[in-house]
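Participant: Structure file structure-v8.txt, compact mmCIF, C-alpha atoms, is pasted below:
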```txt
# COMPACT_ATOMS: atom_id res chain seq x y z
CA MET A 1 111.52 21.62 -154.37
CA GLU A 2 108.59 23.99 -154.11
CA THR A 3 105.29 22.52 -155.31
CA GLY A 4 103.18 25.63 -155.33
CA SER A 5 103.19 29.36 -155.10
CA PRO A 6 104.43 31.32 -152.12
CA ASP A 7 101.82 33.02 -150.02
CA ASP A 8 101.43 36.77 -149.68
CA THR A 9 104.25 37.03 -147.14
CA GLY A 10 106.68 35.11 -149.32
CA THR A 11 106.70 32.03 -147.09
CA ALA A 12 106.73 28.82 -149.07
CA ARG A 13 105.35 25.41 -148.18
CA GLY A 14 106.79 23.83 -145.08
CA THR A 15 107.91 27.04 -143.41
CA ARG A 16 106.11 28.98 -140.71
CA ALA A 17 105.90 32.74 -140.44
CA ALA A 18 104.60 32.69 -136.84
CA PRO A 19 103.50 29.96 -134.41
CA ASP A 20 99.79 30.90 -134.75
CA GLU A 21 99.83 31.17 -138.54
CA PRO A 22 98.70 28.21 -140.66
CA VAL A 23 101.13 26.61 -143.12
CA TRP A 24 99.75 27.45 -146.56
CA THR A 25 100.31 25.16 -149.53
CA GLY A 26 100.00 26.50 -153.08
CA LEU A 27 98.84 24.59 -156.12
CA PRO A 28 101.35 22.87 -158.42
CA PRO A 29 102.38 24.65 -161.64
CA GLY A 30 100.86 21.86 -163.76
CA LEU A 31 97.43 23.40 -163.20
CA LEU A 32 98.61 26.71 -164.64
CA ARG A 33 100.12 24.94 -167.67
CA MET A 34 96.89 23.01 -168.26
CA ARG A 35 94.68 26.09 -168.04
CA ARG A 36 96.97 28.09 -170.32
CA LEU A 37 96.99 25.33 -172.90
CA LEU A 38 93.18 25.17 -172.86
CA LEU A 39 93.00 28.97 -173.21
CA VAL A 40 95.34 29.00 -176.21
CA VAL A 41 93.66 26.04 -177.93
CA TRP A 42 90.08 27.28 -177.56
CA LEU A 43 90.73 30.94 -178.34
CA GLY A 44 93.14 30.01 -181.14
CA LEU A 45 90.46 27.86 -182.75
CA LEU A 46 87.92 30.65 -182.28
CA ALA A 47 90.27 33.18 -183.91
CA LEU A 48 90.94 30.84 -186.82
CA ALA A 49 87.25 30.08 -187.38
CA ALA A 50 86.27 33.75 -187.08
CA GLY A 51 89.00 34.82 -189.49
CA VAL A 52 88.07 32.22 -192.10
CA LEU A 53 84.29 32.74 -191.86
CA LEU A 54 84.47 36.54 -191.80
CA GLY A 55 86.97 36.50 -194.66
CA LEU A 56 84.74 34.26 -196.79
CA PHE A 57 81.42 35.99 -196.14
CA LEU A 58 82.29 39.65 -195.45
CA GLY A 59 85.69 40.18 -197.03
CA PRO A 60 89.31 40.34 -195.92
CA PHE A 61 88.90 43.61 -194.01
CA TRP A 62 86.43 42.03 -191.57
CA ALA A 63 88.69 38.99 -191.15
CA THR A 64 91.12 41.20 -189.23
CA SER A 65 88.60 41.34 -186.37
CA ALA A 66 89.67 37.77 -185.62
CA VAL A 67 92.57 39.25 -183.64
CA LEU A 68 90.09 40.04 -180.85
CA PRO A 69 90.16 36.44 -179.49
CA LEU A 70 93.97 36.59 -179.65
CA ALA A 71 93.95 39.77 -177.55
CA VAL A 72 91.64 38.07 -175.05
CA ALA A 73 94.07 35.13 -174.96
CA ALA A 74 96.99 37.46 -174.17
CA TRP A 75 95.01 39.10 -171.35
CA GLY A 76 93.81 35.71 -170.08
CA TRP A 77 97.40 34.39 -170.02
CA ALA A 78 98.33 36.89 -167.30
CA MET A 79 95.03 36.58 -165.45
CA LEU A 80 95.36 32.79 -165.22
CA GLU A 81 98.67 33.16 -163.40
CA ARG A 82 97.21 35.64 -160.93
CA ASN A 83 94.30 33.28 -160.27
CA TRP A 84 96.63 30.28 -159.87
CA ARG A 85 98.79 32.17 -157.36
CA SER A 86 95.72 33.09 -155.31
CA TRP A 87 94.74 29.45 -154.62
CA ARG A 88 96.16 27.87 -151.46
CA TYR A 89 95.10 25.60 -148.64
CA ALA A 90 96.19 24.88 -145.07
CA GLU A 91 95.52 21.93 -142.79
CA ARG A 92 94.99 22.98 -139.18
CA ALA A 93 94.23 20.91 -136.08
CA ASP A 94 90.42 21.20 -136.34
CA ASP A 95 89.69 22.41 -139.87
CA LEU A 96 90.87 22.88 -143.43
CA LEU A 97 91.33 26.39 -144.83
CA ILE A 98 90.99 27.10 -148.56
CA SER A 99 91.83 30.59 -149.81
CA ARG A 100 91.35 31.89 -153.34
CA GLY A 101 90.55 34.98 -155.35
CA VAL A 102 92.33 37.99 -156.75
CA LEU A 103 89.80 40.82 -156.63
CA TRP A 104 87.40 39.16 -154.22
CA ARG A 105 89.32 37.08 -151.69
CA GLU A 106 87.37 34.10 -150.45
CA GLU A 107 88.47 31.94 -147.55
CA THR A 108 86.54 28.78 -146.77
CA VAL A 109 86.90 27.03 -143.43
CA VAL A 110 85.73 23.41 -143.43
CA PRO A 111 85.68 21.78 -139.95
CA TYR A 112 86.82 18.15 -140.10
CA GLY A 113 83.82 17.00 -138.04
CA ARG A 114 81.37 18.45 -140.61
CA MET A 115 82.80 16.62 -143.63
CA GLN A 116 80.49 13.97 -145.02
CA LEU A 117 82.30 12.98 -148.18
CA VAL A 118 85.78 13.61 -149.57
CA GLU A 119 86.35 12.57 -153.17
CA VAL A 120 89.21 12.75 -155.64
CA THR A 121 88.28 13.41 -159.27
CA SER A 122 90.39 13.64 -162.40
CA GLY A 123 89.04 14.24 -165.90
CA PRO A 124 90.86 13.25 -169.09
CA VAL A 125 92.72 16.54 -169.48
CA GLU A 126 93.68 16.56 -165.80
CA ARG A 127 94.95 12.98 -166.07
CA TYR A 128 97.05 13.93 -169.10
CA PHE A 129 98.72 16.67 -167.03
CA GLY A 130 99.01 14.41 -163.96
CA LEU A 131 96.51 16.37 -161.87
CA ALA A 132 93.54 15.58 -159.63
CA SER A 133 91.00 17.60 -157.63
CA VAL A 134 89.79 17.05 -154.08
CA GLN A 135 86.11 17.82 -153.45
CA LEU A 136 84.81 18.19 -149.91
CA HIS A 137 81.08 17.75 -149.21
CA THR A 138 79.45 18.85 -145.98
CA ALA A 139 75.86 18.94 -144.73
CA ALA A 140 75.61 22.62 -145.66
CA ALA A 141 75.90 23.11 -149.42
CA ALA A 142 77.45 26.54 -148.91
CA THR A 143 80.58 25.06 -147.33
CA ASP A 144 81.33 22.50 -150.02
CA ALA A 145 84.85 23.17 -151.23
CA THR A 146 87.23 22.05 -153.98
CA ILE A 147 91.00 22.09 -154.23
CA PRO A 148 91.85 21.80 -157.95
CA GLY A 149 95.03 20.74 -159.72
CA LEU A 150 96.79 18.67 -157.08
CA ASP A 151 99.31 15.93 -157.74
CA PRO A 152 97.31 12.63 -157.60
CA ALA A 153 99.45 11.29 -154.74
CA GLU A 154 98.91 14.50 -152.74
CA ALA A 155 95.17 14.39 -153.53
CA GLU A 156 94.92 10.82 -152.24
CA ARG A 157 96.98 11.66 -149.15
CA LEU A 158 94.77 14.65 -148.44
CA ARG A 159 91.60 12.59 -148.99
CA ASP A 160 92.79 9.88 -146.60
CA ARG A 161 93.88 12.38 -143.96
CA LEU A 162 90.66 14.40 -144.18
CA THR A 163 88.53 11.25 -144.05
CA GLU A 164 90.44 10.00 -141.01
CA LEU A 165 90.19 13.34 -139.22
CA GLY A 166 86.52 13.69 -140.18
CA GLU A 167 85.65 10.28 -138.75
CA ALA A 168 87.55 11.03 -135.52
CA ARG A 169 85.91 14.46 -135.08
CA SER A 170 82.36 13.35 -135.94
CA ALA A 171 82.55 10.43 -133.49
CA GLY A 172 82.63 12.95 -130.64
CA LEU A 173 79.40 14.69 -131.72
```
What does the file become when written as C-alpha cells?
Facilitator:
Amino acid sequence: METGSPDDTGTARGTRAAPDEPVWTGLPPGLLRMRRLLLVVWLGLLALAAGVLLGLFLGPFWATSAVLPLAVAAWGWAMLERNWRSWRYAERADDLLISRGVLWREETVVPYGRMQLVEVTSGPVERYFGLASVQLHTAAAATDATIPGLDPAEAERLRDRLTELGEARSAGL
C-alpha cells in the first residue's frame, strides 16, 4: 500500500532508484482531502454570501459575479494536488531532507545534530482527518522545518527517531 505520492522518477516509498539516492516518502492522501474540503467549504460559503448580498443590494445581474469564487475553487482544486505531490521527505544517515514546491522548488536539509526540538501537532481539523504535523526546531530560525499531514503513528515514529538521532549526534559536538 502506497502512503504518499511517487517522486519525480516514479519511484515510490520503500524502493531505491540508485544506491546514493535518498528514499523519498510522500505525504498521505488524507492531507489532500482535508485541504480540498476546506477550499470547497470556504469558497462555497463566500460564493453563497456574495451571491445573496449582491442580489439583495445591487440586483440579480450583479449576483452572477458570485461565480468568481467558484472559478477560484476549481483552479485551486488542481493546484492543491500539484502542491501535495511536491511535498516529500527522506531520512538519511546524518540529516533529514524535506522537499516541496511546484514553481519554486525548495529543499531543506536539517542535520540531526542541530535539532533542538521536535514536536508533533494536530489541530481539530487535522485530528478529524487523522493527520498530524511534525515541526523541527533548530538553533537557526531559517532551518526550522515542518512536515504536514502525516499519519499520527508515523509522526510519532518520526519524532522519536529524530529525537534519538539528534541526541546521539549532538553528544559528539
Participant: Any idea what's packed within 8 Å of A:Glu119, counting only C-alpha atoms, ignoring anything in its chain fewer than 2 positions away? Could you give it as a count of residues only?
Facilitator: 6
Participant: Would you list the residues near (94.1, 35.1, -149.0), meaning any protein, DNA or RNA residue with an atom at most 12 Å from that point in file coordinates, counting all atoms listed in the file, as a list in words?
Facilitator: Pro6, Asp7, Asp8, Thr9, Pro22, Trp24, Thr25, Gly26, Asn83, Arg85, Ser86, Trp87, Arg88, Tyr89, Ala90, Leu97, Ile98, Ser99, Arg100, Gly101, Val102, Leu103, Trp104, Arg105, Glu106, Glu107 and Thr108 of chain A
Participant: Save the residues we just selected, C-alpha atoms, as a compact mmCIF listing (two decimals), keeping the file's coordinate frame?
Facilitator:
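again_14.txt, written as the output of this step:
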```
# COMPACT_ATOMS: atom_id res chain seq x y z
CA PRO A 6 104.43 31.32 -152.12
CA ASP A 7 101.82 33.02 -150.02
CA ASP A 8 101.43 36.77 -149.68
CA THR A 9 104.25 37.03 -147.14
CA PRO A 22 98.70 28.21 -140.66
CA TRP A 24 99.75 27.45 -146.56
CA THR A 25 100.31 25.16 -149.53
CA GLY A 26 100.00 26.50 -153.08
CA ASN A 83 94.30 33.28 -160.27
CA ARG A 85 98.79 32.17 -157.36
CA SER A 86 95.72 33.09 -155.31
CA TRP A 87 94.74 29.45 -154.62
CA ARG A 88 96.16 27.87 -151.46
CA TYR A 89 95.10 25.60 -148.64
CA ALA A 90 96.19 24.88 -145.07
CA LEU A 97 91.33 26.39 -144.83
CA ILE A 98 90.99 27.10 -148.56
CA SER A 99 91.83 30.59 -149.81
CA ARG A 100 91.35 31.89 -153.34
CA GLY A 101 90.55 34.98 -155.35
CA VAL A 102 92.33 37.99 -156.75
CA LEU A 103 89.80 40.82 -156.63
CA TRP A 104 87.40 39.16 -154.22
CA ARG A 105 89.32 37.08 -151.69
CA GLU A 106 87.37 34.10 -150.45
CA GLU A 107 88.47 31.94 -147.55
CA THR A 108 86.54 28.78 -146.77
```
Participant: So how many Å separate atom CA of A:Arg92 and atom CA of A:Leu31, to one decimal?
Facilitator: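 Those two atoms sit 24.1 Å apart.
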Participant: Do a neighbour search on A:Val40 at 9 Å with only C-alpha atoms, toss out local chain neighbours closer than 6 positions, and write the hits as an MDAnalysis selection string.
Facilitator: chainID A and resid 70 73:74 77
Participant: Go ahead and write the selection's residues with C-alpha atoms as a PDB file, in the frame of the given file.
Facilitator:
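Listing of result-v1.pdb after writing:
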```pdb
ATOM      1  CA  LEU A  70      93.970  36.590-179.650  1.00  0.00           C
ATOM      2  CA  ALA A  73      94.070  35.130-174.960  1.00  0.00           C
ATOM      3  CA  ALA A  74      96.990  37.460-174.170  1.00  0.00           C
ATOM      4  CA  TRP A  77      97.400  34.390-170.020  1.00  0.00           C
TER       5      TRP A  77
END
```
Participant: Env of A:Leu131: 9 Å cut, atoms = all atoms listed in the file, seq-sep filter 2 positions within chain, self excluded. Answer as a list in words.
Facilitator: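 Once the nearby chain positions are removed, what remains is Pro28, Gly30, Leu31, Ser122, Gly123, Val125, Glu126, Arg127, Tyr128, Phe129, Ser133, Pro148, Gly149, Leu150, Asp151, Pro152 and Ala155 of chain A.
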Participant: Select, from A:Leu58, A:Ala139, A:Leu43, A:Ala93, the residue with the minimum atom-to-atom distance to A:Ala71, counting all atoms listed in the file.
Facilitator: A:Leu43
Participant: Show which residues sit within 10 Å of A:Pro111, as JSON, numbers by chain. Count all atoms listed in the file, and ignore same-chain residues fewer than 3 positions away.
Facilitator: {"A": [92, 93, 94, 95, 96, 97, 108, 114, 115, 138, 143, 162, 165, 166, 169, 170]}
Participant: Would you mind reading off the distance between atom CA of A:Arg33 and atom CA of A:Ala153, one decimal, in Å?
Facilitator: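 Answer for the atom CA of A:Arg33 to atom CA of A:Ala153 separation: 18.8 Å.
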Participant: Considering all atoms listed in the file, state which residue in the set A:Glu91, A:Trp42, A:Phe57, A:Val52 is at the smallest distance from A:Val72.
Facilitator: A:Trp42
Participant: Pick from A:Leu80, A:Val110, A:Val118, A:Ala50: nearest to A:Leu37, with all atoms listed in the file counted?
Facilitator: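 When distances to A:Leu37 are compared using all atoms listed in the file, the smallest one comes from A:Leu80.
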Participant: Rounded to one decimal in Å, what is the spacing between atom CA of A:Val67 and atom CA of A:Leu38?
Facilitator: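 Atom CA of A:Leu38 lies 17.7 Å from atom CA of A:Val67.
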Participant: Compare A:Leu53, A:Ala47, A:Leu39, A:Ala63 by their minimum atom-to-atom distance to A:Ala78, counting all atoms listed in the file, and give me the closest one.
Facilitator: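 Once distances to A:Ala78 are computed over all atoms listed in the file, the minimum belongs to A:Leu39.
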Participant: Can you work out which one of A:His137, A:Met34, A:Tyr112, A:Asp144 has the shortest atom-to-atom distance to A:Trp84, counting all atoms listed in the file?
Facilitator: A:Met34
Participant: Out of A:Val120, A:Val23, A:Ala140, A:Ala168, which residue has the shortest atom-to-atom distance to A:Glu154 when counting all atoms listed in the file?
Facilitator: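 Looking only at the distances to A:Glu154, the closest residue turns out to be A:Val120.
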